[in-house]
Each structure stands twice: as structure tokens, then as C-alpha cells.
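Engineer: Take this structure, written in C-alpha cells, and hold onto it; I'll ask about it next.
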Amino acid sequence: MSDAISRVLIKCPKLGVNVHTVYRMRASAFEALRGEFRFRCDRCGEIHSWKREDAWLEDGARLRTDAQGADARVRDATS
């Protein structure tokens, strides 16, 4: 199985909808993320900060909607 590059998503804290950050990465790189990241939300226009624990990876045509569950699925996919 290839380690595909996926978009990183978070839930917009203002609107409560899933949004794409400006980041794209492989699951292995996502799991190794440390620190806090920022981007301007294309839905509400505000700058949001996020950590890996707040985010998940887009999974092909299906979006992962549960950040905690996505962490578990990402680890399973890279084992």
C-alpha cells in the first residue's frame, strides 16, 4: 500500500464545518507532527491555530470526520 499524500483538515471553530488547511502530507509525516500550525480559513476568513490532535487526514473520496478516530485509523494504515 502506498503512503499517499492527503490534505489535512480541521473543524472551523467559528462555523463548525470541516475545512482544508493549507497542509498536505503523508500519514507518516502527519503522525510525526509536533507543535502548533496556523492558516487562514477559506470558509470564515479568520486565522485558525491547530495541533495534530485537532486535525485529521482526508481519506480519498471520504472525509474522516472524527479527529480522535482518524488518529487511530492513520496509525493502523501505517503499521
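Residues in the C-alpha cells are named by chain (A, B, ... in the order shown) and by number from 1 within that chain; ligands are numbered from 1 in the order shown.
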Run DSSP on the backbone and tell me which residues of range 9-45 of chain A come out as strand (DSSP E); list them as a ChimeraX atom specification.
Structural biologist: /A:9-11,18-26,37-40
Engineer: Check the DSSP output for the backbone and give back, as a count of residues only, the residues of range 5-68 of chain A in helix (DSSP H, G or I).
Structural biologist: 11
Engineer: Nearest residue to Asn18 in chain A out of A:Glu31, A:Cys41, A:Ser6, A:Ile47, using only C-alpha atoms?
Structural biologist: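 Using only C-alpha atoms, the shortest distance to Asn18 in chain A belongs to A:Cys41.
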Engineer: What is the distance between CA of Phe37 in chain A and CA of Arg24 in chain A, in Å to one decimal?
Structural biologist: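 Distance reported for this atom pair: 12.7 Å.
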Engineer: Could you tell me how far CA of Ser28 in chain A lies from CA of Trp56 in chain A, in Å and to one decimal?
Structural biologist: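 Atom-to-atom, CA of Ser28 in chain A and CA of Trp56 in chain A are spaced 12.4 Å apart.
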Engineer: Residues within 12 Å of Cys12 in chain A, please, as a list of chain:residue names. Count only C-alpha atoms; anything in the same chain fewer than 3 positions from it doesn't count.
Structural biologist: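 Neighbouring residues, sequence-local ones excluded: A:Leu9, A:Leu15, A:Gly16, A:Val17, A:Asn18, A:Val19, A:His20, A:Thr21, A:Phe39, A:Arg40, A:Cys41, A:Asp42, A:Arg43, A:Cys44, A:Gly45, A:Glu46, A:Ile47, A:His48, A:Ser49, A:Trp50, A:Asp54, A:Ala55.
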Engineer: So, counting only C-alpha atoms, which residue among A:Glu53, A:Glu36, A:Phe30, A:Asp59 is closest to Ile10 in chain A?
Structural biologist: A:Glu53
Engineer: Between CA of Arg7 in chain A and CA of Arg34 in chain A, what is the distance, to one decimal in Å?
Structural biologist: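 These two atoms are separated by 17.0 Å.
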